[in-house]
Amino acid sequence: MSWQVFQTKRFARTYKKLHDNIIGTVDSAIAEVALSPDIGEKKKGDLSDLWVYKFRCQGQLYLLGYTRDDGVKLVWLEALGPHENFYRDLKR
């Protein structure tokens, strides 16, 4: 059973700027997270609420950051981007 997926404004801004050849891969990563949110890795410390799913697109590692609400089976897409400076930008 699939979870409901919503996106934050930060995620929507980043998604809108993606190239057409990357969007398909990102959409499939979102679909995998919607089917099984446990697929990601739970972070610790400052970002303890965040889960991160890592995937490759065109030879580069991308990270999909999301939070989840187990009570109502809801996933909030928080951030998306290449590994470089992903966590630094997310803490802001």
# chains A, B, ... in the order shown; residues from 1 in each chain; ligands from 1
$ residues_around --residues "Val33 of chain A" --least-positions-apart "6" --cutoff "8 Å" --atoms "only C-alpha atoms" --output "number ranges by chain"
A: 39-40, 53
$ write_last_selection --atoms "N, CA, C and O atoms" --output "compact mmCIF listing (two decimals), in the first residue's frame"
# COMPACT_ATOMS: atom_id res chain seq x y z
N ILE A 39 12.92 2.55 2.98
CA ILE A 39 14.02 2.33 2.06
C ILE A 39 15.16 3.33 2.32
O ILE A 39 16.31 3.04 2.03
N GLY A 40 14.84 4.48 2.89
CA GLY A 40 15.84 5.50 3.16
C GLY A 40 16.61 5.22 4.44
O GLY A 40 16.37 4.24 5.15
N TYR A 53 17.05 9.14 1.02
CA TYR A 53 17.15 8.06 0.03
C TYR A 53 18.16 8.49 -1.01
O TYR A 53 18.05 9.57 -1.61
$ select_by_dssp --residues "chain A" --states "strand (DSSP E or B)" --output "PyMOL selection string"
chain A and resi 4-7+41-42+51-57+60-69+74-82
$ closest_residue --among "A:Asp70, A:Lys9, A:Ile30, A:Tyr62" --to "Glu84 of chain A" --atoms "only C-alpha atoms"
A:Tyr62
$ atom_distance --atom1 "atom CA of Glu41 of chain A" --atom2 "atom CA of Asp20 of chain A"
27.0 Å
$ closest_residue --among "A:Asp27, A:Ser2, A:Phe55, A:Tyr66" --to "Lys43 of chain A" --atoms "only C-alpha atoms"
A:Tyr66
$ decode --residues "segment 10-37 of chain A" --atoms "N, CA, C and O atoms" --output "JSON list (two decimals), in the first residue's frame"
[["chain", "number", "residue", "atom", "x", "y", "z"],
["A", 10, "ARG", "N", 10.38, 24.26, -0.59],
["A", 10, "ARG", "CA", 11.80, 24.11, -0.93],
["A", 10, "ARG", "C", 11.98, 23.01, -1.97],
["A", 10, "ARG", "O", 12.70, 23.18, -2.95],
["A", 11, "PHE", "N", 11.32, 21.88, -1.76],
["A", 11, "PHE", "CA", 11.43, 20.78, -2.71],
["A", 11, "PHE", "C", 10.84, 21.17, -4.06],
["A", 11, "PHE", "O", 11.42, 20.88, -5.10],
["A", 12, "ALA", "N", 9.70, 21.84, -4.06],
["A", 12, "ALA", "CA", 9.03, 22.23, -5.30],
["A", 12, "ALA", "C", 9.91, 23.18, -6.12],
["A", 12, "ALA", "O", 9.99, 23.06, -7.35],
["A", 13, "ARG", "N", 10.58, 24.11, -5.45],
["A", 13, "ARG", "CA", 11.48, 25.03, -6.15],
["A", 13, "ARG", "C", 12.63, 24.28, -6.82],
["A", 13, "ARG", "O", 12.99, 24.56, -7.96],
["A", 14, "THR", "N", 13.23, 23.35, -6.09],
["A", 14, "THR", "CA", 14.34, 22.57, -6.62],
["A", 14, "THR", "C", 13.88, 21.69, -7.77],
["A", 14, "THR", "O", 14.55, 21.58, -8.80],
["A", 15, "TYR", "N", 12.73, 21.04, -7.61],
["A", 15, "TYR", "CA", 12.20, 20.12, -8.62],
["A", 15, "TYR", "C", 11.90, 20.87, -9.92],
["A", 15, "TYR", "O", 12.14, 20.37, -11.01],
["A", 16, "LYS", "N", 11.38, 22.07, -9.80],
["A", 16, "LYS", "CA", 11.02, 22.87, -10.96],
["A", 16, "LYS", "C", 12.24, 23.23, -11.81],
["A", 16, "LYS", "O", 12.14, 23.35, -13.03],
["A", 17, "LYS", "N", 13.40, 23.35, -11.19],
["A", 17, "LYS", "CA", 14.62, 23.75, -11.88],
["A", 17, "LYS", "C", 15.39, 22.58, -12.51],
["A", 17, "LYS", "O", 16.38, 22.80, -13.20],
["A", 18, "LEU", "N", 14.93, 21.36, -12.29],
["A", 18, "LEU", "CA", 15.64, 20.19, -12.82],
["A", 18, "LEU", "C", 15.51, 20.11, -14.34],
["A", 18, "LEU", "O", 14.52, 20.53, -14.92],
["A", 19, "HIS", "N", 16.52, 19.51, -14.97],
["A", 19, "HIS", "CA", 16.48, 19.26, -16.40],
["A", 19, "HIS", "C", 15.52, 18.11, -16.70],
["A", 19, "HIS", "O", 15.28, 17.24, -15.86],
["A", 20, "ASP", "N", 15.01, 18.07, -17.91],
["A", 20, "ASP", "CA", 14.03, 17.06, -18.31],
["A", 20, "ASP", "C", 14.57, 15.64, -18.21],
["A", 20, "ASP", "O", 13.85, 14.71, -17.88],
["A", 21, "ASN", "N", 15.87, 15.47, -18.48],
["A", 21, "ASN", "CA", 16.43, 14.12, -18.46],
["A", 21, "ASN", "C", 16.65, 13.59, -17.04],
["A", 21, "ASN", "O", 16.88, 12.42, -16.84],
["A", 22, "ILE", "N", 16.58, 14.44, -16.03],
["A", 22, "ILE", "CA", 16.74, 14.02, -14.64],
["A", 22, "ILE", "C", 15.39, 13.76, -13.98],
["A", 22, "ILE", "O", 15.27, 12.94, -13.07],
["A", 23, "ILE", "N", 14.35, 14.42, -14.44],
["A", 23, "ILE", "CA", 13.04, 14.34, -13.81],
["A", 23, "ILE", "C", 12.50, 12.91, -13.75],
["A", 23, "ILE", "O", 11.92, 12.50, -12.76],
["A", 24, "GLY", "N", 12.69, 12.14, -14.81],
["A", 24, "GLY", "CA", 12.20, 10.75, -14.83],
["A", 24, "GLY", "C", 12.81, 9.91, -13.72],
["A", 24, "GLY", "O", 12.13, 9.13, -13.06],
["A", 25, "THR", "N", 14.11, 10.06, -13.51],
["A", 25, "THR", "CA", 14.80, 9.31, -12.46],
["A", 25, "THR", "C", 14.32, 9.75, -11.08],
["A", 25, "THR", "O", 14.12, 8.93, -10.19],
["A", 26, "VAL", "N", 14.12, 11.04, -10.90],
["A", 26, "VAL", "CA", 13.64, 11.57, -9.62],
["A", 26, "VAL", "C", 12.22, 11.06, -9.34],
["A", 26, "VAL", "O", 11.91, 10.67, -8.22],
["A", 27, "ASP", "N", 11.39, 11.06, -10.37],
["A", 27, "ASP", "CA", 10.02, 10.55, -10.20],
["A", 27, "ASP", "C", 10.00, 9.09, -9.78],
["A", 27, "ASP", "O", 9.19, 8.69, -8.94],
["A", 28, "SER", "N", 10.89, 8.29, -10.35],
["A", 28, "SER", "CA", 10.94, 6.88, -9.96],
["A", 28, "SER", "C", 11.46, 6.72, -8.53],
["A", 28, "SER", "O", 11.01, 5.84, -7.80],
["A", 29, "ALA", "N", 12.37, 7.58, -8.10],
["A", 29, "ALA", "CA", 12.86, 7.54, -6.72],
["A", 29, "ALA", "C", 11.74, 7.92, -5.75],
["A", 29, "ALA", "O", 11.59, 7.30, -4.69],
["A", 30, "ILE", "N", 10.94, 8.91, -6.12],
["A", 30, "ILE", "CA", 9.81, 9.31, -5.28],
["A", 30, "ILE", "C", 8.79, 8.17, -5.19],
["A", 30, "ILE", "O", 8.23, 7.91, -4.12],
["A", 31, "ALA", "N", 8.57, 7.48, -6.29],
["A", 31, "ALA", "CA", 7.63, 6.35, -6.28],
["A", 31, "ALA", "C", 8.13, 5.23, -5.37],
["A", 31, "ALA", "O", 7.33, 4.62, -4.65],
["A", 32, "GLU", "N", 9.44, 4.98, -5.37],
["A", 32, "GLU", "CA", 9.99, 3.95, -4.48],
["A", 32, "GLU", "C", 9.82, 4.33, -3.02],
["A", 32, "GLU", "O", 9.50, 3.48, -2.19],
["A", 33, "VAL", "N", 10.03, 5.60, -2.71],
["A", 33, "VAL", "CA", 9.85, 6.08, -1.33],
["A", 33, "VAL", "C", 8.38, 5.99, -0.92],
["A", 33, "VAL", "O", 8.06, 5.63, 0.21],
["A", 34, "ALA", "N", 7.47, 6.29, -1.85],
["A", 34, "ALA", "CA", 6.04, 6.23, -1.54],
["A", 34, "ALA", "C", 5.60, 4.80, -1.25],
["A", 34, "ALA", "O", 4.73, 4.57, -0.42],
["A", 35, "LEU", "N", 6.19, 3.84, -1.92],
["A", 35, "LEU", "CA", 5.83, 2.44, -1.68],
["A", 35, "LEU", "C", 6.40, 1.92, -0.36],
["A", 35, "LEU", "O", 5.74, 1.17, 0.35],
["A", 36, "SER", "N", 7.62, 2.32, -0.05],
["A", 36, "SER", "CA", 8.27, 1.84, 1.16],
["A", 36, "SER", "C", 9.18, 2.92, 1.74],
["A", 36, "SER", "O", 10.35, 3.00, 1.37],
["A", 37, "PRO", "N", 8.67, 3.76, 2.65],
["A", 37, "PRO", "CA", 9.49, 4.83, 3.22],
["A", 37, "PRO", "C", 10.67, 4.33, 4.05],
["A", 37, "PRO", "O", 11.58, 5.09, 4.35]]
